[in-house]
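Q: Supplied structure: final-v1.cif, mmCIF, C-alpha atoms and all ligand atoms.
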```
data_model
#
loop_
_atom_site.group_PDB
_atom_site.id
_atom_site.type_symbol
_atom_site.label_atom_id
_atom_site.label_comp_id
_atom_site.auth_asym_id
_atom_site.auth_seq_id
_atom_site.Cartn_x
_atom_site.Cartn_y
_atom_site.Cartn_z
ATOM 1 C CA MET A 1 0.000 0.000 0.000
ATOM 2 C CA ALA A 2 1.077 3.570 -0.496
ATOM 3 C CA VAL A 3 0.157 6.983 0.856
ATOM 4 C CA LEU A 4 -0.937 9.348 -1.910
ATOM 5 C CA PRO A 5 -0.698 13.152 -1.941
ATOM 6 C CA VAL A 6 -4.099 14.792 -1.340
ATOM 7 C CA ILE A 7 -5.058 17.722 -3.583
ATOM 8 C CA VAL A 8 -6.006 20.885 -1.700
ATOM 9 C CA ALA A 9 -8.708 23.304 -2.930
ATOM 10 C CA PRO A 10 -9.007 25.473 -4.888
ATOM 11 C CA ASP A 11 -7.872 23.174 -7.700
ATOM 12 C CA PRO A 12 -9.535 22.408 -11.057
ATOM 13 C CA ARG A 13 -8.964 18.661 -10.499
ATOM 14 C CA LEU A 14 -11.503 18.811 -7.656
ATOM 15 C CA LYS A 15 -14.174 20.223 -9.981
ATOM 16 C CA VAL A 16 -14.333 17.452 -12.611
ATOM 17 C CA LYS A 17 -17.132 14.955 -13.198
ATOM 18 C CA CYS A 18 -15.518 11.547 -12.707
ATOM 19 C CA LYS A 19 -15.935 8.573 -15.035
ATOM 20 C CA PRO A 20 -17.503 5.272 -13.938
ATOM 21 C CA VAL A 21 -15.232 2.301 -13.297
ATOM 22 C CA GLU A 22 -15.735 -0.459 -15.883
ATOM 23 C CA LYS A 23 -14.684 -3.245 -13.581
ATOM 24 C CA VAL A 24 -13.106 -3.441 -10.156
ATOM 25 C CA ASP A 25 -9.872 -5.180 -11.128
ATOM 26 C CA ALA A 26 -6.511 -5.452 -9.368
ATOM 27 C CA ALA A 27 -5.537 -1.876 -10.296
ATOM 28 C CA VAL A 28 -8.775 -0.412 -8.896
ATOM 29 C CA ARG A 29 -8.432 -2.601 -5.794
ATOM 30 C CA LYS A 30 -4.911 -1.289 -5.219
ATOM 31 C CA LEU A 31 -6.116 2.289 -5.606
ATOM 32 C CA MET A 32 -8.882 1.613 -3.059
ATOM 33 C CA ASP A 33 -6.338 0.240 -0.576
ATOM 34 C CA ASP A 34 -3.953 3.151 -1.154
ATOM 35 C CA MET A 35 -6.829 5.582 -0.648
ATOM 36 C CA LEU A 36 -7.779 3.864 2.620
ATOM 37 C CA GLU A 37 -4.213 4.074 3.867
ATOM 38 C CA THR A 38 -3.983 7.734 2.843
ATOM 39 C CA MET A 39 -7.281 8.484 4.587
ATOM 40 C CA GLU A 40 -6.344 6.690 7.796
ATOM 41 C CA LEU A 41 -3.006 8.423 8.043
ATOM 42 C CA ALA A 42 -4.460 11.899 7.411
ATOM 43 C CA PRO A 43 -6.559 11.096 9.526
ATOM 44 C CA GLY A 44 -9.942 11.276 7.832
ATOM 45 C CA ILE A 45 -13.179 9.278 7.623
ATOM 46 C CA GLY A 46 -13.591 9.335 3.850
ATOM 47 C CA LEU A 47 -11.724 9.971 0.626
ATOM 48 C CA ALA A 48 -12.736 10.202 -3.040
ATOM 49 C CA ALA A 49 -10.497 9.312 -5.992
ATOM 50 C CA PRO A 50 -10.421 12.872 -7.467
ATOM 51 C CA GLN A 51 -8.828 14.046 -4.208
ATOM 52 C CA VAL A 52 -5.768 11.989 -5.152
ATOM 53 C CA GLY A 53 -5.932 13.063 -8.801
ATOM 54 C CA VAL A 54 -7.831 10.074 -10.236
ATOM 55 C CA ALA A 55 -11.021 11.133 -12.067
ATOM 56 C CA LYS A 56 -12.880 7.849 -11.445
ATOM 57 C CA ARG A 57 -16.010 7.102 -9.428
ATOM 58 C CA ILE A 58 -14.324 5.487 -6.432
ATOM 59 C CA ILE A 59 -14.703 6.361 -2.743
ATOM 60 C CA VAL A 60 -13.550 4.874 0.554
ATOM 61 C CA VAL A 61 -15.215 5.490 3.905
ATOM 62 C CA ASP A 62 -14.594 4.384 7.491
ATOM 63 C CA VAL A 63 -16.448 6.199 10.254
ATOM 64 C CA ALA A 64 -15.531 3.798 13.085
ATOM 65 C CA PRO A 65 -14.414 5.886 16.105
ATOM 66 C CA SER A 66 -10.675 5.773 16.802
ATOM 67 C CA GLY A 67 -9.729 2.902 19.077
ATOM 68 C CA GLU A 68 -12.566 0.739 17.738
ATOM 69 C CA PRO A 69 -12.206 -1.961 15.061
ATOM 70 C CA ARG A 70 -12.001 -0.492 11.556
ATOM 71 C CA LYS A 71 -15.063 -0.791 9.325
ATOM 72 C CA PRO A 72 -13.883 0.270 5.883
ATOM 73 C CA TYR A 73 -16.102 0.482 2.827
ATOM 74 C CA ARG A 74 -14.588 0.468 -0.661
ATOM 75 C CA MET A 75 -17.094 1.632 -3.264
ATOM 76 C CA ALA A 76 -16.941 1.994 -7.033
ATOM 77 C CA ASN A 77 -19.732 3.680 -9.017
ATOM 78 C CA PRO A 78 -21.805 4.437 -5.899
ATOM 79 C CA GLU A 79 -25.395 5.450 -6.599
ATOM 80 C CA ILE A 80 -28.032 6.638 -4.167
ATOM 81 C CA VAL A 81 -31.153 4.574 -4.832
ATOM 82 C CA TRP A 82 -33.188 6.031 -1.969
ATOM 83 C CA ALA A 83 -32.869 8.964 0.417
ATOM 84 C CA SER A 84 -35.026 9.891 3.407
ATOM 85 C CA ASP A 85 -36.993 13.120 3.545
ATOM 86 C CA ASP A 86 -35.699 13.844 7.019
ATOM 87 C CA MET A 87 -32.418 15.694 7.086
ATOM 88 C CA VAL A 88 -29.540 15.741 9.524
ATOM 89 C CA VAL A 89 -26.921 18.436 10.075
ATOM 90 C CA PHE A 90 -23.264 17.612 10.681
ATOM 91 C CA GLU A 91 -20.256 19.846 10.861
ATOM 92 C CA GLU A 92 -18.229 18.702 7.861
ATOM 93 C CA GLY A 93 -14.565 18.939 7.079
ATOM 94 C CA CYS A 94 -12.563 17.698 4.118
ATOM 95 C CA LEU A 95 -8.980 16.553 3.553
ATOM 96 C CA SER A 96 -8.968 18.847 0.504
ATOM 97 C CA LEU A 97 -10.013 21.843 2.635
ATOM 98 C CA PRO A 98 -7.701 21.414 5.633
ATOM 99 C CA ASP A 99 -8.852 22.982 8.920
ATOM 100 C CA GLN A 100 -12.086 24.334 7.394
ATOM 101 C CA PHE A 101 -15.475 23.285 8.749
ATOM 102 C CA ALA A 102 -19.114 24.122 8.101
ATOM 103 C CA GLU A 103 -22.531 22.728 8.959
ATOM 104 C CA VAL A 104 -24.236 20.960 6.053
ATOM 105 C CA ALA A 105 -27.756 19.467 5.990
ATOM 106 C CA ARG A 106 -28.213 16.200 4.094
ATOM 107 C CA PRO A 107 -30.742 13.322 4.040
ATOM 108 C CA ALA A 108 -30.382 11.440 7.340
ATOM 109 C CA ARG A 109 -30.717 7.994 5.768
ATOM 110 C CA ILE A 110 -29.784 6.665 2.353
ATOM 111 C CA ARG A 111 -29.595 3.407 0.466
ATOM 112 C CA VAL A 112 -26.521 3.243 -1.762
ATOM 113 C CA ARG A 113 -25.759 0.704 -4.488
ATOM 114 C CA TYR A 114 -22.128 0.163 -5.480
ATOM 115 C CA LEU A 115 -19.490 -2.272 -6.692
ATOM 116 C CA ASP A 116 -17.339 -3.556 -3.862
ATOM 117 C CA HIS A 117 -13.636 -4.426 -4.004
ATOM 118 C CA GLU A 118 -14.495 -7.818 -5.492
ATOM 119 C CA ASN A 119 -16.618 -6.306 -8.280
ATOM 120 C CA GLU A 120 -19.820 -7.523 -6.590
ATOM 121 C CA ILE A 121 -22.928 -5.315 -6.632
ATOM 122 C CA ARG A 122 -23.901 -4.409 -3.081
ATOM 123 C CA GLU A 123 -26.488 -2.256 -1.346
ATOM 124 C CA LEU A 124 -25.977 -0.559 1.973
ATOM 125 C CA GLU A 125 -28.429 1.258 4.206
ATOM 126 C CA ALA A 126 -26.633 4.040 5.994
ATOM 127 C CA LYS A 127 -27.725 6.651 8.494
ATOM 128 C CA ASP A 128 -26.338 9.600 10.428
ATOM 129 C CA MET A 129 -22.586 10.088 10.133
ATOM 130 C CA LEU A 130 -22.040 7.184 7.708
ATOM 131 C CA ALA A 131 -24.815 8.497 5.436
ATOM 132 C CA THR A 132 -23.388 12.014 5.563
ATOM 133 C CA CYS A 133 -19.863 10.799 4.858
ATOM 134 C CA ILE A 134 -20.933 8.701 1.843
ATOM 135 C CA GLN A 135 -22.883 11.661 0.412
ATOM 136 C CA HIS A 136 -19.930 13.996 0.976
ATOM 137 C CA GLU A 137 -17.562 11.601 -0.838
ATOM 138 C CA MET A 138 -20.059 10.996 -3.662
ATOM 139 C CA ASP A 139 -20.304 14.770 -4.179
ATOM 140 C CA HIS A 140 -16.571 14.786 -4.947
ATOM 141 C CA LEU A 141 -17.243 12.471 -7.926
ATOM 142 C CA ASP A 142 -19.309 15.266 -9.489
ATOM 143 C CA GLY A 143 -16.867 18.015 -8.613
ATOM 144 C CA VAL A 144 -18.901 19.214 -5.640
ATOM 145 C CA LEU A 145 -17.260 20.232 -2.360
ATOM 146 C CA PHE A 146 -19.031 20.612 0.980
ATOM 147 C CA VAL A 147 -18.569 24.369 0.696
ATOM 148 C CA ASP A 148 -20.821 24.281 -2.371
ATOM 149 C CA HIS A 149 -23.691 23.517 0.032
ATOM 150 C CA ILE A 150 -23.207 26.660 2.120
ATOM 151 C CA SER A 151 -23.675 30.364 1.424
ATOM 152 C CA ALA A 152 -21.488 31.964 -1.237
ATOM 153 C CA LEU A 153 -20.221 34.409 1.355
ATOM 154 C CA LYS A 154 -18.944 31.681 3.651
ATOM 155 C CA ARG A 155 -17.652 29.594 0.740
ATOM 156 C CA ASN A 156 -15.596 32.443 -0.677
ATOM 157 C CA MET A 157 -14.192 33.202 2.757
ATOM 158 C CA ILE A 158 -12.979 29.603 3.132
ATOM 159 C CA LEU A 159 -11.570 29.369 -0.404
ATOM 160 C CA ARG A 160 -9.770 32.711 -0.065
ATOM 161 C CA ARG A 161 -8.220 31.513 3.176
ATOM 162 C CA LEU A 162 -6.993 28.291 1.529
ATOM 163 C CA LYS A 163 -5.605 30.155 -1.473
ATOM 164 C CA LYS A 164 -3.669 32.457 0.806
ATOM 165 C CA GLU A 165 -2.281 29.521 2.784
ATOM 166 C CA LYS A 166 -1.192 27.811 -0.435
ATOM 167 C CA LYS A 167 0.757 30.906 -1.455
ATOM 168 C CA THR A 168 2.451 31.154 1.941
ATOM 169 C CA LYS A 169 3.381 27.485 1.823
ATOM 170 C CA ALA A 170 4.776 27.811 -1.695
ATOM 171 C CA THR A 171 6.993 30.658 -0.575
ATOM 172 C CA VAL A 172 8.196 29.021 2.614
ATOM 173 C CA GLY A 173 8.528 25.498 1.256
ATOM 174 C CA ALA A 174 10.045 26.667 -2.040
HETATM 175 ZN ZN ZN B 1 -14.081 15.842 1.055
#
```
Please express the file's structure as structure tokens.

A:
Amino acid sequence: MAVLPVIVAPDPRLKVKCKPVEKVDAAVRKLMDDMLETMELAPGIGLAAPQVGVAKRIIVVDVAPSGEPRKPYRMANPEIVWASDDMVVFEEGCLSLPDQFAEVARPARIRVRYLDHENEIRELEAKDMLATCIQHEMDHLDGVLFVDHISALKRNMILRRLKKEKKTKATVGA
């Protein structure tokens, strides 16, 4: 397994619509494992392929609290087949928007259909944090960031802050 560099916003690679995976083969499986390792080290609870520069519909998620057994999900071509009317609000963060957080409302429960790491079609019912995390990662596959769900004022504030930090880092890190 390998740790991959995570792309930080603003970056055009985070705004692309990703292509479906034809088949979960060894290469896709390796990418899923590398993404999981990258996510765990960060640490984060989810990661989408475009965040590591791969424009494919692949996400990994693991919302198990630290200290508890891991419960990783590897998903290719995830699709929401049902979502509840009731919404839930979580404060969201993102490995591509380091140290930035905002409250986002999303359906509290979803049913998601996907290809697992063995190319089997699966369906998962998720609620609360797991549901939110899957929806957040799926947004990435369509070039949507959590800040796209909040007011333009707040979004621009966050993106300006990140842009400024990038510049500072570039100068210091050379
Ligand atoms: Zn994210």

Q: Enumerate as a CSV table (one decimal) with C-alpha atoms, in the coordinates of the input the residues within 10 Å of ligand ZN 1 (chain B), counting only C-alpha atoms and all ligand atoms.

A:
```csv
chain,number,residue,atom,x,y,z
A,8,VAL,CA,-6.0,20.9,-1.7
A,14,LEU,CA,-11.5,18.8,-7.7
A,44,GLY,CA,-9.9,11.3,7.8
A,45,ILE,CA,-13.2,9.3,7.6
A,46,GLY,CA,-13.6,9.3,3.8
A,47,LEU,CA,-11.7,10.0,0.6
A,48,ALA,CA,-12.7,10.2,-3.0
A,50,PRO,CA,-10.4,12.9,-7.5
A,51,GLN,CA,-8.8,14.0,-4.2
A,92,GLU,CA,-18.2,18.7,7.9
A,93,GLY,CA,-14.6,18.9,7.1
A,94,CYS,CA,-12.6,17.7,4.1
A,95,LEU,CA,-9.0,16.6,3.6
A,96,SER,CA,-9.0,18.8,0.5
A,97,LEU,CA,-10.0,21.8,2.6
A,98,PRO,CA,-7.7,21.4,5.6
A,133,CYS,CA,-19.9,10.8,4.9
A,134,ILE,CA,-20.9,8.7,1.8
A,135,GLN,CA,-22.9,11.7,0.4
A,136,HIS,CA,-19.9,14.0,1.0
A,137,GLU,CA,-17.6,11.6,-0.8
A,138,MET,CA,-20.1,11.0,-3.7
A,139,ASP,CA,-20.3,14.8,-4.2
A,140,HIS,CA,-16.6,14.8,-4.9
A,144,VAL,CA,-18.9,19.2,-5.6
A,145,LEU,CA,-17.3,20.2,-2.4
A,146,PHE,CA,-19.0,20.6,1.0
A,147,VAL,CA,-18.6,24.4,0.7
```

Q: Run the PyMOL selection byres (((chain A and resi 102) around 6) and not hetatm) against the file shown and list the residues it catches, as a list in words.

A: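 Expected selection for the PyMOL selection byres (((chain A and resi 102) around 6) and not hetatm) here is Glu91, Glu92, Phe101 and Glu103 of chain A.
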
Q: Do you have the CA of Thr38 (chain A)-CA of Pro65 (chain A) distance handy?

A: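 About the pair CA of Thr38 (chain A) and CA of Pro65 (chain A): they are 17.0 Å apart.
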
Q: One decimal, in Å: what's the spacing between CA of Leu159 (chain A) and CA of Pro10 (chain A)?

A: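 Atom-to-atom, CA of Leu159 (chain A) and CA of Pro10 (chain A) are spaced 6.5 Å apart.
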
Q: I'd like the interatomic distance between CA of Leu141 (chain A) and CA of Lys167 (chain A), to a tenth of an Å.

A: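 Value for the CA of Leu141 (chain A)-CA of Lys167 (chain A) distance: 26.6 Å.
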
Q: For the interface of region 10-44 of chain A with region 68-90 of chain A (cut-off 9 Å, counting all atoms listed in the file), please tabulate each contacting residue of region 10-44 of chain A alongside its nearest pair of atoms and their separation in Å to one decimal, rows sorted by chain and increasing number, as JSON lines.

A:
```
{"residue": "A:Lys19", "atom": "CA", "partner": "A:Asn77", "partner_atom": "CA", "distance": 8.6}
{"residue": "A:Pro20", "atom": "CA", "partner": "A:Asn77", "partner_atom": "CA", "distance": 5.6}
{"residue": "A:Val21", "atom": "CA", "partner": "A:Asn77", "partner_atom": "CA", "distance": 6.4}
{"residue": "A:Glu22", "atom": "CA", "partner": "A:Asn77", "partner_atom": "CA", "distance": 9.0}
{"residue": "A:Lys23", "atom": "CA", "partner": "A:Ala76", "partner_atom": "CA", "distance": 8.7}
{"residue": "A:Val24", "atom": "CA", "partner": "A:Ala76", "partner_atom": "CA", "distance": 7.3}
{"residue": "A:Val28", "atom": "CA", "partner": "A:Ala76", "partner_atom": "CA", "distance": 8.7}
{"residue": "A:Arg29", "atom": "CA", "partner": "A:Arg74", "partner_atom": "CA", "distance": 8.6}
{"residue": "A:Met32", "atom": "CA", "partner": "A:Arg74", "partner_atom": "CA", "distance": 6.3}
{"residue": "A:Asp33", "atom": "CA", "partner": "A:Arg74", "partner_atom": "CA", "distance": 8.3}
{"residue": "A:Leu36", "atom": "CA", "partner": "A:Pro72", "partner_atom": "CA", "distance": 7.8}
```

Q: Counting all atoms listed in the file, which of A:Arg161, A:His149, A:Ala126, A:Tyr114 gets nearest to Asp99 (chain A)?

A: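 With all atoms listed in the file as the atom set, the closest residue is A:Arg161.
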
Q: Draw an axis-aligned box tight on the listed atoms of region 41-56 of chain A, then pad every side by 6 Å and write out centre and edge lengths in Å to one decimal as lines of an AutoDock Vina configuration file.

A:
```
center_x = -8.3
center_y = 10.9
center_z = -1.3
size_x = 22.6
size_y = 18.2
size_z = 33.6
```

Q: For Lys127 (chain A), please output as number ranges by chain all residues within 7 Å (counting only C-alpha atoms; exclusion window: fewer than 2 positions along the same chain).

A: A: 108-110, 125, 129-131

Q: Nearest residue to Val60 (chain A) out of A:Leu41, A:Met1, A:Ala152, A:Leu31, using only C-alpha atoms?

A: A:Leu31

Q: Using the partial input, fill out region 119-133 of chain A with N, CA, C and O atoms; write the result as a PDB file, keeping the file's coordinate frame.

A:
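Below is the file selection.pdb, written as the result:
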```pdb
ATOM      1  N   ASN A 119     -15.779  -6.532  -7.101  1.00  0.00           N
ATOM      2  CA  ASN A 119     -16.618  -6.306  -8.280  1.00  0.00           C
ATOM      3  C   ASN A 119     -18.025  -6.873  -8.122  1.00  0.00           C
ATOM      4  O   ASN A 119     -18.703  -7.174  -9.097  1.00  0.00           O
ATOM      5  N   GLU A 120     -18.466  -7.054  -6.874  1.00  0.00           N
ATOM      6  CA  GLU A 120     -19.820  -7.523  -6.590  1.00  0.00           C
ATOM      7  C   GLU A 120     -20.731  -6.313  -6.368  1.00  0.00           C
ATOM      8  O   GLU A 120     -20.325  -5.351  -5.697  1.00  0.00           O
ATOM      9  N   ILE A 121     -21.963  -6.387  -6.887  1.00  0.00           N
ATOM     10  CA  ILE A 121     -22.928  -5.315  -6.632  1.00  0.00           C
ATOM     11  C   ILE A 121     -23.463  -5.465  -5.211  1.00  0.00           C
ATOM     12  O   ILE A 121     -23.877  -6.557  -4.812  1.00  0.00           O
ATOM     13  N   ARG A 122     -23.414  -4.372  -4.459  1.00  0.00           N
ATOM     14  CA  ARG A 122     -23.901  -4.409  -3.081  1.00  0.00           C
ATOM     15  C   ARG A 122     -24.839  -3.234  -2.837  1.00  0.00           C
ATOM     16  O   ARG A 122     -24.783  -2.226  -3.534  1.00  0.00           O
ATOM     17  N   GLU A 123     -25.674  -3.382  -1.798  1.00  0.00           N
ATOM     18  CA  GLU A 123     -26.488  -2.256  -1.346  1.00  0.00           C
ATOM     19  C   GLU A 123     -26.282  -2.089   0.135  1.00  0.00           C
ATOM     20  O   GLU A 123     -26.196  -3.074   0.871  1.00  0.00           O
ATOM     21  N   LEU A 124     -26.208  -0.852   0.564  1.00  0.00           N
ATOM     22  CA  LEU A 124     -25.977  -0.559   1.973  1.00  0.00           C
ATOM     23  C   LEU A 124     -26.980   0.490   2.419  1.00  0.00           C
ATOM     24  O   LEU A 124     -27.210   1.480   1.724  1.00  0.00           O
ATOM     25  N   GLU A 125     -27.587   0.235   3.579  1.00  0.00           N
ATOM     26  CA  GLU A 125     -28.429   1.258   4.206  1.00  0.00           C
ATOM     27  C   GLU A 125     -27.555   1.981   5.198  1.00  0.00           C
ATOM     28  O   GLU A 125     -26.931   1.341   6.056  1.00  0.00           O
ATOM     29  N   ALA A 126     -27.494   3.278   5.093  1.00  0.00           N
ATOM     30  CA  ALA A 126     -26.633   4.040   5.994  1.00  0.00           C
ATOM     31  C   ALA A 126     -27.441   5.158   6.613  1.00  0.00           C
ATOM     32  O   ALA A 126     -28.375   5.682   6.004  1.00  0.00           O
ATOM     33  N   LYS A 127     -27.067   5.510   7.846  1.00  0.00           N
ATOM     34  CA  LYS A 127     -27.725   6.651   8.494  1.00  0.00           C
ATOM     35  C   LYS A 127     -26.693   7.491   9.218  1.00  0.00           C
ATOM     36  O   LYS A 127     -25.541   7.090   9.390  1.00  0.00           O
ATOM     37  N   ASP A 128     -27.160   8.682   9.634  1.00  0.00           N
ATOM     38  CA  ASP A 128     -26.338   9.600  10.428  1.00  0.00           C
ATOM     39  C   ASP A 128     -24.966   9.855   9.797  1.00  0.00           C
ATOM     40  O   ASP A 128     -24.885  10.147   8.632  1.00  0.00           O
ATOM     41  N   MET A 129     -23.905   9.679  10.607  1.00  0.00           N
ATOM     42  CA  MET A 129     -22.586  10.088  10.133  1.00  0.00           C
ATOM     43  C   MET A 129     -22.141   9.302   8.901  1.00  0.00           C
ATOM     44  O   MET A 129     -21.548   9.867   7.985  1.00  0.00           O
ATOM     45  N   LEU A 130     -22.439   7.990   8.871  1.00  0.00           N
ATOM     46  CA  LEU A 130     -22.040   7.184   7.708  1.00  0.00           C
ATOM     47  C   LEU A 130     -22.754   7.688   6.449  1.00  0.00           C
ATOM     48  O   LEU A 130     -22.138   7.822   5.386  1.00  0.00           O
ATOM     49  N   ALA A 131     -24.049   7.994   6.580  1.00  0.00           N
ATOM     50  CA  ALA A 131     -24.815   8.497   5.436  1.00  0.00           C
ATOM     51  C   ALA A 131     -24.249   9.834   4.956  1.00  0.00           C
ATOM     52  O   ALA A 131     -24.079  10.061   3.756  1.00  0.00           O
ATOM     53  N   THR A 132     -23.944  10.708   5.907  1.00  0.00           N
ATOM     54  CA  THR A 132     -23.388  12.014   5.563  1.00  0.00           C
ATOM     55  C   THR A 132     -22.038  11.861   4.862  1.00  0.00           C
ATOM     56  O   THR A 132     -21.774  12.487   3.836  1.00  0.00           O
ATOM     57  N   CYS A 133     -21.201  10.987   5.409  1.00  0.00           N
ATOM     58  CA  CYS A 133     -19.863  10.799   4.858  1.00  0.00           C
ATOM     59  C   CYS A 133     -19.929  10.256   3.425  1.00  0.00           C
ATOM     60  O   CYS A 133     -19.233  10.747   2.534  1.00  0.00           O
TER      61      CYS A 133
END
```
